[in-house]
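Below is query.txt, holding compact mmCIF, N, CA and C atoms.
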# COMPACT_ATOMS: atom_id res chain seq x y z
N MET A 1 31.86 18.69 -16.87
CA MET A 1 30.51 18.16 -16.93
C MET A 1 30.39 16.99 -15.95
N ALA A 2 29.32 16.96 -15.20
CA ALA A 2 29.10 15.93 -14.20
C ALA A 2 28.78 14.59 -14.85
N PHE A 3 29.08 13.49 -14.15
CA PHE A 3 28.90 12.15 -14.72
C PHE A 3 27.47 11.91 -15.17
N TRP A 4 26.47 12.41 -14.43
CA TRP A 4 25.07 12.18 -14.78
C TRP A 4 24.65 12.96 -16.02
N GLU A 5 25.47 13.93 -16.42
CA GLU A 5 25.21 14.69 -17.65
C GLU A 5 25.96 14.09 -18.84
N GLN A 6 26.97 13.29 -18.55
CA GLN A 6 27.79 12.69 -19.60
C GLN A 6 27.33 11.30 -20.01
N LYS A 7 26.68 10.60 -19.09
CA LYS A 7 26.33 9.20 -19.32
C LYS A 7 24.83 8.99 -19.24
N SER A 8 24.37 7.94 -19.90
CA SER A 8 22.98 7.53 -19.73
C SER A 8 22.90 6.76 -18.40
N LEU A 9 21.68 6.56 -17.91
CA LEU A 9 21.52 5.80 -16.68
C LEU A 9 22.11 4.40 -16.81
N ALA A 10 21.96 3.80 -17.97
CA ALA A 10 22.47 2.44 -18.20
C ALA A 10 24.00 2.38 -18.19
N GLU A 11 24.65 3.49 -18.43
CA GLU A 11 26.12 3.53 -18.49
C GLU A 11 26.78 3.79 -17.13
N LEU A 12 26.01 4.11 -16.12
CA LEU A 12 26.57 4.47 -14.82
C LEU A 12 27.17 3.26 -14.12
N SER A 13 28.24 3.49 -13.40
CA SER A 13 28.81 2.45 -12.53
C SER A 13 27.89 2.29 -11.32
N THR A 14 28.09 1.23 -10.58
CA THR A 14 27.29 1.00 -9.38
C THR A 14 27.44 2.17 -8.41
N GLN A 15 28.65 2.63 -8.23
CA GLN A 15 28.92 3.75 -7.32
C GLN A 15 28.21 5.02 -7.80
N GLU A 16 28.28 5.31 -9.10
CA GLU A 16 27.60 6.49 -9.64
C GLU A 16 26.09 6.36 -9.47
N TRP A 17 25.55 5.18 -9.77
CA TRP A 17 24.12 4.94 -9.64
C TRP A 17 23.66 5.20 -8.20
N GLU A 18 24.35 4.62 -7.25
CA GLU A 18 23.98 4.78 -5.85
C GLU A 18 24.09 6.23 -5.39
N SER A 19 25.08 6.96 -5.90
CA SER A 19 25.25 8.35 -5.49
C SER A 19 24.15 9.25 -6.03
N LEU A 20 23.43 8.82 -7.05
CA LEU A 20 22.32 9.60 -7.59
C LEU A 20 21.13 9.64 -6.63
N CYS A 21 21.00 8.62 -5.82
CA CYS A 21 19.89 8.61 -4.87
C CYS A 21 20.04 9.79 -3.92
N ASP A 22 19.02 10.64 -3.87
CA ASP A 22 19.11 11.81 -3.00
C ASP A 22 18.84 11.47 -1.54
N GLY A 23 18.32 10.26 -1.28
CA GLY A 23 18.07 9.83 0.08
C GLY A 23 16.85 10.48 0.70
N CYS A 24 15.87 10.85 -0.12
CA CYS A 24 14.68 11.51 0.40
C CYS A 24 13.78 10.55 1.18
N GLY A 25 13.79 9.26 0.83
CA GLY A 25 12.98 8.26 1.52
C GLY A 25 11.58 8.09 0.95
N LYS A 26 11.20 8.86 -0.05
CA LYS A 26 9.84 8.76 -0.60
C LYS A 26 9.55 7.40 -1.23
N CYS A 27 10.56 6.75 -1.77
CA CYS A 27 10.32 5.44 -2.38
C CYS A 27 9.98 4.41 -1.31
N CYS A 28 10.26 4.72 -0.05
CA CYS A 28 9.98 3.80 1.06
C CYS A 28 8.60 4.01 1.67
N LEU A 29 7.84 4.92 1.10
CA LEU A 29 6.48 5.15 1.58
C LEU A 29 5.54 4.12 0.98
N ASN A 30 4.57 3.69 1.77
CA ASN A 30 3.53 2.81 1.24
C ASN A 30 2.64 3.65 0.33
N LYS A 31 2.24 3.03 -0.76
CA LYS A 31 1.39 3.70 -1.74
C LYS A 31 0.15 2.86 -1.96
N LEU A 32 -0.93 3.53 -2.30
CA LEU A 32 -2.20 2.86 -2.58
C LEU A 32 -2.63 3.19 -4.00
N ILE A 33 -3.26 2.25 -4.65
CA ILE A 33 -3.82 2.49 -5.97
C ILE A 33 -5.32 2.30 -5.88
N ASP A 34 -6.06 3.33 -6.30
CA ASP A 34 -7.52 3.26 -6.30
C ASP A 34 -7.97 2.21 -7.31
N ASP A 35 -8.73 1.23 -6.86
CA ASP A 35 -9.18 0.14 -7.72
C ASP A 35 -10.04 0.63 -8.88
N ASP A 36 -10.80 1.70 -8.67
CA ASP A 36 -11.70 2.19 -9.71
C ASP A 36 -10.99 3.09 -10.72
N THR A 37 -10.15 4.00 -10.22
CA THR A 37 -9.52 4.99 -11.10
C THR A 37 -8.07 4.68 -11.44
N GLU A 38 -7.48 3.74 -10.71
CA GLU A 38 -6.06 3.40 -10.82
C GLU A 38 -5.15 4.56 -10.45
N GLU A 39 -5.70 5.54 -9.73
CA GLU A 39 -4.93 6.69 -9.28
C GLU A 39 -4.01 6.27 -8.13
N LEU A 40 -2.78 6.76 -8.17
CA LEU A 40 -1.78 6.46 -7.15
C LEU A 40 -1.90 7.46 -6.01
N HIS A 41 -1.88 6.96 -4.79
CA HIS A 41 -1.92 7.80 -3.60
C HIS A 41 -0.74 7.43 -2.70
N TYR A 42 0.00 8.45 -2.29
CA TYR A 42 1.09 8.25 -1.33
C TYR A 42 0.52 8.30 0.08
N THR A 43 1.17 7.57 0.97
CA THR A 43 0.82 7.67 2.39
C THR A 43 2.06 8.12 3.15
N ASN A 44 1.86 8.49 4.40
CA ASN A 44 3.01 8.83 5.24
C ASN A 44 3.45 7.62 6.07
N ALA A 45 2.93 6.44 5.72
CA ALA A 45 3.32 5.19 6.37
C ALA A 45 4.57 4.66 5.69
N ALA A 46 5.67 4.68 6.40
CA ALA A 46 6.96 4.30 5.84
C ALA A 46 7.30 2.84 6.13
N CYS A 47 8.06 2.27 5.25
CA CYS A 47 8.58 0.91 5.43
C CYS A 47 9.19 0.78 6.82
N LYS A 48 9.02 -0.38 7.40
CA LYS A 48 9.54 -0.63 8.75
C LYS A 48 11.06 -0.49 8.83
N LEU A 49 11.75 -0.56 7.70
CA LEU A 49 13.21 -0.44 7.69
C LEU A 49 13.71 0.99 7.57
N LEU A 50 12.81 1.93 7.29
CA LEU A 50 13.24 3.32 7.09
C LEU A 50 13.65 3.95 8.41
N ASP A 51 14.85 4.51 8.45
CA ASP A 51 15.31 5.29 9.59
C ASP A 51 14.73 6.69 9.41
N GLU A 52 13.84 7.06 10.28
CA GLU A 52 13.11 8.31 10.14
C GLU A 52 13.99 9.55 10.29
N GLN A 53 15.16 9.41 10.88
CA GLN A 53 16.07 10.55 11.06
C GLN A 53 17.01 10.73 9.87
N SER A 54 17.56 9.63 9.37
CA SER A 54 18.51 9.73 8.25
C SER A 54 17.79 9.64 6.91
N CYS A 55 16.54 9.19 6.91
CA CYS A 55 15.73 8.98 5.70
C CYS A 55 16.33 7.87 4.83
N GLY A 56 17.09 6.99 5.43
CA GLY A 56 17.70 5.87 4.71
C GLY A 56 17.26 4.54 5.28
N CYS A 57 17.55 3.50 4.55
CA CYS A 57 17.19 2.16 4.96
C CYS A 57 18.15 1.65 6.04
N ARG A 58 17.59 1.10 7.09
CA ARG A 58 18.42 0.57 8.19
C ARG A 58 19.23 -0.66 7.76
N HIS A 59 18.71 -1.40 6.78
CA HIS A 59 19.36 -2.63 6.32
C HIS A 59 19.43 -2.66 4.79
N TYR A 60 19.97 -1.59 4.21
CA TYR A 60 19.95 -1.43 2.76
C TYR A 60 20.52 -2.65 2.02
N ASP A 61 21.68 -3.12 2.43
CA ASP A 61 22.33 -4.23 1.72
C ASP A 61 21.57 -5.55 1.82
N THR A 62 20.77 -5.71 2.87
CA THR A 62 20.02 -6.96 3.07
C THR A 62 18.51 -6.71 3.07
N ARG A 63 18.07 -5.60 2.50
CA ARG A 63 16.66 -5.22 2.60
C ARG A 63 15.70 -6.25 2.00
N PHE A 64 16.11 -6.96 0.97
CA PHE A 64 15.22 -7.94 0.34
C PHE A 64 14.99 -9.16 1.23
N GLN A 65 15.90 -9.42 2.13
CA GLN A 65 15.71 -10.50 3.10
C GLN A 65 14.66 -10.10 4.14
N HIS A 66 14.63 -8.82 4.49
CA HIS A 66 13.69 -8.30 5.49
C HIS A 66 12.34 -7.94 4.87
N VAL A 67 12.39 -7.40 3.64
CA VAL A 67 11.18 -6.94 2.94
C VAL A 67 11.26 -7.46 1.51
N PRO A 68 10.82 -8.69 1.28
CA PRO A 68 10.95 -9.29 -0.05
C PRO A 68 10.27 -8.50 -1.17
N GLN A 69 9.22 -7.74 -0.85
CA GLN A 69 8.53 -6.97 -1.87
C GLN A 69 9.19 -5.62 -2.17
N CYS A 70 10.29 -5.31 -1.52
CA CYS A 70 11.04 -4.09 -1.82
C CYS A 70 11.46 -4.13 -3.29
N THR A 71 11.42 -2.99 -3.94
CA THR A 71 11.76 -2.92 -5.35
C THR A 71 13.13 -2.31 -5.55
N ALA A 72 13.99 -2.99 -6.27
CA ALA A 72 15.28 -2.42 -6.65
C ALA A 72 15.05 -1.50 -7.84
N ILE A 73 15.55 -0.29 -7.75
CA ILE A 73 15.43 0.67 -8.85
C ILE A 73 16.67 0.50 -9.71
N THR A 74 16.44 0.18 -10.98
CA THR A 74 17.56 -0.06 -11.90
C THR A 74 17.33 0.69 -13.20
N ALA A 75 18.37 0.80 -13.98
CA ALA A 75 18.24 1.42 -15.30
C ALA A 75 17.28 0.61 -16.18
N ASP A 76 17.20 -0.69 -15.94
CA ASP A 76 16.32 -1.55 -16.73
C ASP A 76 14.84 -1.38 -16.40
N ASN A 77 14.53 -1.00 -15.16
CA ASN A 77 13.12 -0.92 -14.79
C ASN A 77 12.62 0.50 -14.51
N ILE A 78 13.47 1.50 -14.60
CA ILE A 78 13.08 2.87 -14.23
C ILE A 78 11.87 3.36 -15.02
N ALA A 79 11.74 3.00 -16.27
CA ALA A 79 10.60 3.45 -17.08
C ALA A 79 9.28 2.88 -16.57
N GLU A 80 9.33 1.72 -15.95
CA GLU A 80 8.12 1.05 -15.45
C GLU A 80 7.72 1.52 -14.05
N LEU A 81 8.62 2.15 -13.34
CA LEU A 81 8.37 2.52 -11.95
C LEU A 81 7.68 3.88 -11.87
N THR A 82 6.48 3.94 -12.40
CA THR A 82 5.74 5.20 -12.47
C THR A 82 5.29 5.69 -11.10
N TRP A 83 5.43 4.85 -10.08
CA TRP A 83 5.08 5.25 -8.72
C TRP A 83 6.18 6.07 -8.05
N LEU A 84 7.35 6.13 -8.67
CA LEU A 84 8.41 6.98 -8.10
C LEU A 84 7.97 8.44 -8.20
N PRO A 85 8.26 9.24 -7.18
CA PRO A 85 7.85 10.64 -7.24
C PRO A 85 8.61 11.40 -8.32
N ASP A 86 8.02 12.46 -8.82
CA ASP A 86 8.66 13.27 -9.85
C ASP A 86 9.97 13.88 -9.36
N SER A 87 10.14 14.02 -8.05
CA SER A 87 11.36 14.59 -7.49
C SER A 87 12.53 13.60 -7.47
N CYS A 88 12.26 12.31 -7.69
CA CYS A 88 13.29 11.27 -7.65
C CYS A 88 14.35 11.54 -8.73
N ALA A 89 15.61 11.52 -8.33
CA ALA A 89 16.70 11.79 -9.27
C ALA A 89 16.71 10.81 -10.44
N TYR A 90 16.45 9.54 -10.17
CA TYR A 90 16.42 8.55 -11.24
C TYR A 90 15.32 8.87 -12.24
N ARG A 91 14.15 9.20 -11.72
CA ARG A 91 13.01 9.54 -12.58
C ARG A 91 13.28 10.84 -13.35
N ARG A 92 13.81 11.83 -12.65
CA ARG A 92 14.12 13.12 -13.30
C ARG A 92 15.08 12.91 -14.47
N LEU A 93 16.16 12.16 -14.23
CA LEU A 93 17.14 11.94 -15.29
C LEU A 93 16.55 11.10 -16.42
N HIS A 94 15.76 10.10 -16.08
CA HIS A 94 15.11 9.28 -17.10
C HIS A 94 14.22 10.14 -18.00
N LEU A 95 13.57 11.14 -17.40
CA LEU A 95 12.68 12.02 -18.16
C LEU A 95 13.41 13.21 -18.78
N GLY A 96 14.73 13.26 -18.63
CA GLY A 96 15.53 14.33 -19.23
C GLY A 96 15.48 15.65 -18.50
N ARG A 97 15.16 15.62 -17.21
CA ARG A 97 14.99 16.87 -16.44
C ARG A 97 16.26 17.35 -15.75
N GLY A 98 17.22 16.51 -15.51
CA GLY A 98 18.40 16.92 -14.75
C GLY A 98 18.13 16.93 -13.26
N LEU A 99 19.16 17.13 -12.48
CA LEU A 99 19.02 17.14 -11.02
C LEU A 99 18.57 18.52 -10.54
N ALA A 100 17.81 18.53 -9.47
CA ALA A 100 17.32 19.77 -8.88
C ALA A 100 18.43 20.45 -8.08
N ALA A 101 18.29 21.73 -7.86
CA ALA A 101 19.29 22.51 -7.11
C ALA A 101 19.46 21.98 -5.69
N TRP A 102 18.42 21.40 -5.10
CA TRP A 102 18.49 20.88 -3.73
C TRP A 102 19.15 19.50 -3.65
N HIS A 103 19.37 18.85 -4.77
CA HIS A 103 19.94 17.49 -4.76
C HIS A 103 21.33 17.53 -4.11
N PRO A 104 21.64 16.56 -3.24
CA PRO A 104 22.93 16.56 -2.56
C PRO A 104 24.16 16.60 -3.48
N LEU A 105 24.07 16.04 -4.69
CA LEU A 105 25.22 16.12 -5.61
C LEU A 105 25.42 17.54 -6.13
N ILE A 106 24.38 18.36 -6.09
CA ILE A 106 24.47 19.75 -6.53
C ILE A 106 24.76 20.66 -5.34
N SER A 107 23.99 20.46 -4.26
CA SER A 107 24.10 21.37 -3.10
C SER A 107 25.24 21.02 -2.16
N GLY A 108 25.70 19.77 -2.19
CA GLY A 108 26.80 19.35 -1.33
C GLY A 108 26.39 18.65 -0.06
N SER A 109 25.09 18.68 0.26
CA SER A 109 24.62 17.98 1.46
C SER A 109 23.12 17.73 1.36
N LYS A 110 22.61 16.90 2.28
CA LYS A 110 21.17 16.63 2.32
C LYS A 110 20.39 17.79 2.93
N ASP A 111 21.07 18.73 3.55
CA ASP A 111 20.38 19.82 4.24
C ASP A 111 19.45 20.61 3.32
N ALA A 112 19.90 20.90 2.11
CA ALA A 112 19.07 21.67 1.18
C ALA A 112 17.80 20.90 0.82
N MET A 113 17.92 19.59 0.68
CA MET A 113 16.75 18.75 0.38
C MET A 113 15.77 18.78 1.55
N HIS A 114 16.28 18.63 2.76
CA HIS A 114 15.41 18.67 3.93
C HIS A 114 14.74 20.04 4.06
N GLN A 115 15.52 21.11 3.87
CA GLN A 115 14.99 22.47 4.01
C GLN A 115 13.94 22.77 2.94
N ALA A 116 14.08 22.17 1.76
CA ALA A 116 13.11 22.37 0.69
C ALA A 116 11.83 21.55 0.92
N GLY A 117 11.85 20.68 1.93
CA GLY A 117 10.68 19.87 2.24
C GLY A 117 10.51 18.68 1.33
N ILE A 118 11.56 18.27 0.65
CA ILE A 118 11.50 17.16 -0.30
C ILE A 118 11.56 15.81 0.41
N SER A 119 12.30 15.72 1.50
CA SER A 119 12.50 14.42 2.16
C SER A 119 11.34 14.08 3.10
N VAL A 120 11.40 12.87 3.63
CA VAL A 120 10.37 12.39 4.57
C VAL A 120 10.67 12.80 6.02
N LEU A 121 11.76 13.49 6.23
CA LEU A 121 12.18 13.89 7.57
C LEU A 121 11.05 14.57 8.35
N GLY A 122 10.69 13.97 9.48
CA GLY A 122 9.68 14.55 10.34
C GLY A 122 8.24 14.40 9.86
N LYS A 123 8.02 13.58 8.84
CA LYS A 123 6.69 13.50 8.23
C LYS A 123 6.08 12.11 8.20
N VAL A 124 6.77 11.12 8.71
CA VAL A 124 6.31 9.74 8.51
C VAL A 124 6.05 9.01 9.83
N VAL A 125 5.33 7.91 9.68
CA VAL A 125 5.07 7.00 10.78
C VAL A 125 5.45 5.61 10.30
N ASN A 126 6.00 4.81 11.17
CA ASN A 126 6.39 3.45 10.82
C ASN A 126 5.14 2.65 10.47
N GLU A 127 5.19 1.92 9.37
CA GLU A 127 4.03 1.16 8.89
C GLU A 127 3.50 0.18 9.93
N GLU A 128 4.35 -0.27 10.82
CA GLU A 128 3.93 -1.21 11.85
C GLU A 128 3.03 -0.57 12.90
N ARG A 129 2.96 0.76 12.92
CA ARG A 129 2.11 1.47 13.87
C ARG A 129 0.82 1.97 13.21
N VAL A 130 0.59 1.58 11.97
CA VAL A 130 -0.58 2.06 11.21
C VAL A 130 -1.69 1.02 11.27
N ARG A 131 -2.88 1.47 11.60
CA ARG A 131 -4.03 0.57 11.62
C ARG A 131 -4.77 0.62 10.28
N ASP A 132 -5.24 1.78 9.88
CA ASP A 132 -5.97 1.95 8.62
C ASP A 132 -5.15 2.82 7.68
N ILE A 133 -4.50 2.19 6.72
CA ILE A 133 -3.58 2.91 5.84
C ILE A 133 -4.28 4.01 5.04
N GLU A 134 -5.55 3.83 4.77
CA GLU A 134 -6.30 4.86 4.03
C GLU A 134 -6.34 6.18 4.79
N ASP A 135 -6.21 6.12 6.10
CA ASP A 135 -6.20 7.33 6.92
C ASP A 135 -4.86 8.07 6.85
N HIS A 136 -3.91 7.53 6.13
CA HIS A 136 -2.57 8.11 6.08
C HIS A 136 -2.20 8.66 4.69
N ILE A 137 -3.19 8.83 3.82
CA ILE A 137 -2.92 9.39 2.49
C ILE A 137 -2.49 10.86 2.64
N VAL A 138 -1.42 11.22 1.95
CA VAL A 138 -0.85 12.58 2.01
C VAL A 138 -0.49 13.06 0.61
N LEU A 139 -0.37 14.37 0.47
CA LEU A 139 -0.02 14.97 -0.82
C LEU A 139 1.44 15.44 -0.88
N TRP A 140 2.07 15.68 0.27
CA TRP A 140 3.42 16.27 0.27
C TRP A 140 4.46 15.48 -0.53
N PRO A 141 4.36 14.16 -0.70
CA PRO A 141 5.39 13.49 -1.51
C PRO A 141 5.38 13.90 -2.97
N LEU A 142 4.31 14.54 -3.40
CA LEU A 142 4.22 15.00 -4.79
C LEU A 142 5.01 16.29 -5.02
N LYS A 143 5.46 16.91 -3.95
CA LYS A 143 6.21 18.17 -4.06
C LYS A 143 7.50 17.95 -4.84
N ASP A 144 7.72 18.82 -5.80
CA ASP A 144 8.93 18.75 -6.62
C ASP A 144 9.35 20.17 -6.96
N LEU A 145 10.59 20.48 -6.74
CA LEU A 145 11.13 21.80 -7.04
C LEU A 145 12.34 21.67 -7.93
N ASP A 146 12.50 22.57 -8.85
CA ASP A 146 13.72 22.59 -9.69
C ASP A 146 14.75 23.50 -9.10
Could you render the structure as structure tokens?
Amino acid sequence: MAFWEQKSLAELSTQEWESLCDGCGKCCLNKLIDDDTEELHYTNAACKLLDEQSCGCRHYDTRFQHVPQCTAITADNIAELTWLPDSCAYRRLHLGRGLAAWHPLISGSKDAMHQAGISVLGKVVNEERVRDIEDHIVLWPLKDLD
């Protein structure tokens, strides 16, 4: 039985926790909340630190120094982070769904995730090049496959 099936999120070691991240990059997308409806909208405008090729943070260990508003995803706050996409491994496990077949811990590499269209690969623009963020609302981050 895999560690994520044996332990709760709170019981995971730092190494296990970090390995759960599928590296899709969706958490690094700018999101908008409609003031009237409180509906969440994803954009394709990515954090300035996101490496668009690897779908990872260029300065992960020091990201809070570069982007103070970056959110650390932890076992303590996962229930509150409703803006995480349904495809997020942390969210999936928190909701009792298990990991998807495309997840790198299941498939053995990020290739299956990219091929399934789950990651931000080839779909984003650096937030520093965005003028009107409302023009960048997209639906593809909502894609989730089991």
Exercise. Taking (19.1, -4.9, -13.8) in the file's coordinates as the center, which residues reach within 12 Å of it, counting only C-alpha atoms, put as an MDAnalysis selection string?
Worked result: chainID A and resid 9:11 14 17 71:78
For this session: Report as a VMD selection string: the residues of chain A with a DSSP assignment of helix (DSSP H, G or I), based on the backbone of this structure.
Result: chain A and resid 3 to 6 9 to 11 14 to 20 26 to 28 60 to 66 78 to 80 89 to 94 104 to 107 111 to 115 127 to 129 133 to 136 140 to 142
Would you write out, as JSON lines, a table of all residues in range 42-132 of chain A that have an atom no more than 12 Å from an atom of range 27-38 of chain A, listing for each the closest atom pair and the distance in Å to one decimal, considering only C-alpha atoms and ordering rows by chain and rising residue number?
{"residue": "A:Tyr42", "atom": "CA", "partner": "A:Lys31", "partner_atom": "CA", "distance": 4.6}
{"residue": "A:Thr43", "atom": "CA", "partner": "A:Asn30", "partner_atom": "CA", "distance": 5.7}
{"residue": "A:Asn44", "atom": "CA", "partner": "A:Leu29", "partner_atom": "CA", "distance": 6.2}
{"residue": "A:Ala45", "atom": "CA", "partner": "A:Asn30", "partner_atom": "CA", "distance": 5.7}
{"residue": "A:Ala46", "atom": "CA", "partner": "A:Leu29", "partner_atom": "CA", "distance": 4.4}
{"residue": "A:Cys47", "atom": "CA", "partner": "A:Cys28", "partner_atom": "CA", "distance": 5.4}
{"residue": "A:Lys48", "atom": "CA", "partner": "A:Cys28", "partner_atom": "CA", "distance": 8.9}
{"residue": "A:Leu49", "atom": "CA", "partner": "A:Cys28", "partner_atom": "CA", "distance": 8.5}
{"residue": "A:Leu50", "atom": "CA", "partner": "A:Cys28", "partner_atom": "CA", "distance": 6.9}
{"residue": "A:Asp51", "atom": "CA", "partner": "A:Cys28", "partner_atom": "CA", "distance": 10.2}
{"residue": "A:Glu52", "atom": "CA", "partner": "A:Cys28", "partner_atom": "CA", "distance": 10.6}
{"residue": "A:Cys55", "atom": "CA", "partner": "A:Cys28", "partner_atom": "CA", "distance": 9.0}
{"residue": "A:Gly56", "atom": "CA", "partner": "A:Cys28", "partner_atom": "CA", "distance": 8.8}
{"residue": "A:Cys57", "atom": "CA", "partner": "A:Cys28", "partner_atom": "CA", "distance": 8.4}
{"residue": "A:Arg58", "atom": "CA", "partner": "A:Cys28", "partner_atom": "CA", "distance": 11.5}
{"residue": "A:Tyr60", "atom": "CA", "partner": "A:Cys28", "partner_atom": "CA", "distance": 11.4}
{"residue": "A:Arg63", "atom": "CA", "partner": "A:Cys28", "partner_atom": "CA", "distance": 11.3}
{"residue": "A:Val67", "atom": "CA", "partner": "A:Cys28", "partner_atom": "CA", "distance": 11.0}
{"residue": "A:Gln69", "atom": "CA", "partner": "A:Cys28", "partner_atom": "CA", "distance": 11.3}
{"residue": "A:Cys70", "atom": "CA", "partner": "A:Cys28", "partner_atom": "CA", "distance": 8.5}
{"residue": "A:Thr71", "atom": "CA", "partner": "A:Cys27", "partner_atom": "CA", "distance": 9.0}
{"residue": "A:Ala72", "atom": "CA", "partner": "A:Cys27", "partner_atom": "CA", "distance": 10.2}
{"residue": "A:Ile73", "atom": "CA", "partner": "A:Cys27", "partner_atom": "CA", "distance": 9.5}
{"residue": "A:Leu81", "atom": "CA", "partner": "A:Cys27", "partner_atom": "CA", "distance": 10.2}
{"residue": "A:Thr82", "atom": "CA", "partner": "A:Cys27", "partner_atom": "CA", "distance": 11.1}
{"residue": "A:Trp83", "atom": "CA", "partner": "A:Lys31", "partner_atom": "CA", "distance": 8.0}
{"residue": "A:Leu84", "atom": "CA", "partner": "A:Cys27", "partner_atom": "CA", "distance": 6.2}
{"residue": "A:Pro85", "atom": "CA", "partner": "A:Cys27", "partner_atom": "CA", "distance": 7.5}
{"residue": "A:Asp86", "atom": "CA", "partner": "A:Cys27", "partner_atom": "CA", "distance": 10.9}
{"residue": "A:Ser87", "atom": "CA", "partner": "A:Cys27", "partner_atom": "CA", "distance": 10.5}
{"residue": "A:Cys88", "atom": "CA", "partner": "A:Cys27", "partner_atom": "CA", "distance": 8.4}
{"residue": "A:Ala89", "atom": "CA", "partner": "A:Cys27", "partner_atom": "CA", "distance": 11.3}
{"residue": "A:Tyr90", "atom": "CA", "partner": "A:Cys27", "partner_atom": "CA", "distance": 11.2}
{"residue": "A:Arg91", "atom": "CA", "partner": "A:Cys27", "partner_atom": "CA", "distance": 11.3}
{"residue": "A:Ile118", "atom": "CA", "partner": "A:Cys27", "partner_atom": "CA", "distance": 12.0}
{"residue": "A:Ser119", "atom": "CA", "partner": "A:Cys27", "partner_atom": "CA", "distance": 10.3}
{"residue": "A:Val120", "atom": "CA", "partner": "A:Leu29", "partner_atom": "CA", "distance": 8.7}
{"residue": "A:Lys123", "atom": "CA", "partner": "A:Leu29", "partner_atom": "CA", "distance": 10.7}
{"residue": "A:Val124", "atom": "CA", "partner": "A:Leu29", "partner_atom": "CA", "distance": 8.3}
{"residue": "A:Val125", "atom": "CA", "partner": "A:Leu29", "partner_atom": "CA", "distance": 9.5}
{"residue": "A:Asn126", "atom": "CA", "partner": "A:Leu29", "partner_atom": "CA", "distance": 9.4}
{"residue": "A:Glu127", "atom": "CA", "partner": "A:Asn30", "partner_atom": "CA", "distance": 7.8}
{"residue": "A:Glu128", "atom": "CA", "partner": "A:Asn30", "partner_atom": "CA", "distance": 11.4}
{"residue": "A:Val130", "atom": "CA", "partner": "A:Asn30", "partner_atom": "CA", "distance": 10.8}
{"residue": "A:Asp132", "atom": "CA", "partner": "A:Leu32", "partner_atom": "CA", "distance": 11.9}
For this session: Using DSSP on the backbone coordinates, identify the residues of range 20-62 of chain A assigned to strand (DSSP E); present them as a list of chain:residue names.
Result: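 Output for range 20-62 of chain A, strand (DSSP E) only: A:Leu29, A:Asn30, A:Lys31, A:Leu32, A:Ile33, A:Leu40, A:His41, A:Tyr42, A:Thr43, A:Asn44, A:Ala45, A:Ala46, A:Leu50, A:Asp51, A:Gly56, A:Cys57.
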Problem set entry | Among the residues A:Asp22, A:Glu16, A:Glu39, A:Asp146, the one that comes closest to Leu99 in chain A [using all atoms listed in the file] |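 Checking each candidate against Leu99 in chain A, we get A:Asp146 as the closest.
For the atom pair formed by atom C of Arg92 in chain A and atom C of Gln15 in chain A, the distance is 16.7 Å, given to one decimal.
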Problem set entry | Computed interatomic separation between CA of Val138 in chain A and CA of Ser107 in chain A (Å) |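 The value is 26.9 Å.
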Exercise. What is the distance, in Å and to one decimal place, between atom N of Gln6 in chain A and atom N of Trp102 in chain A?
Worked result: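 Computing it gives 17.9 Å between the two atoms.
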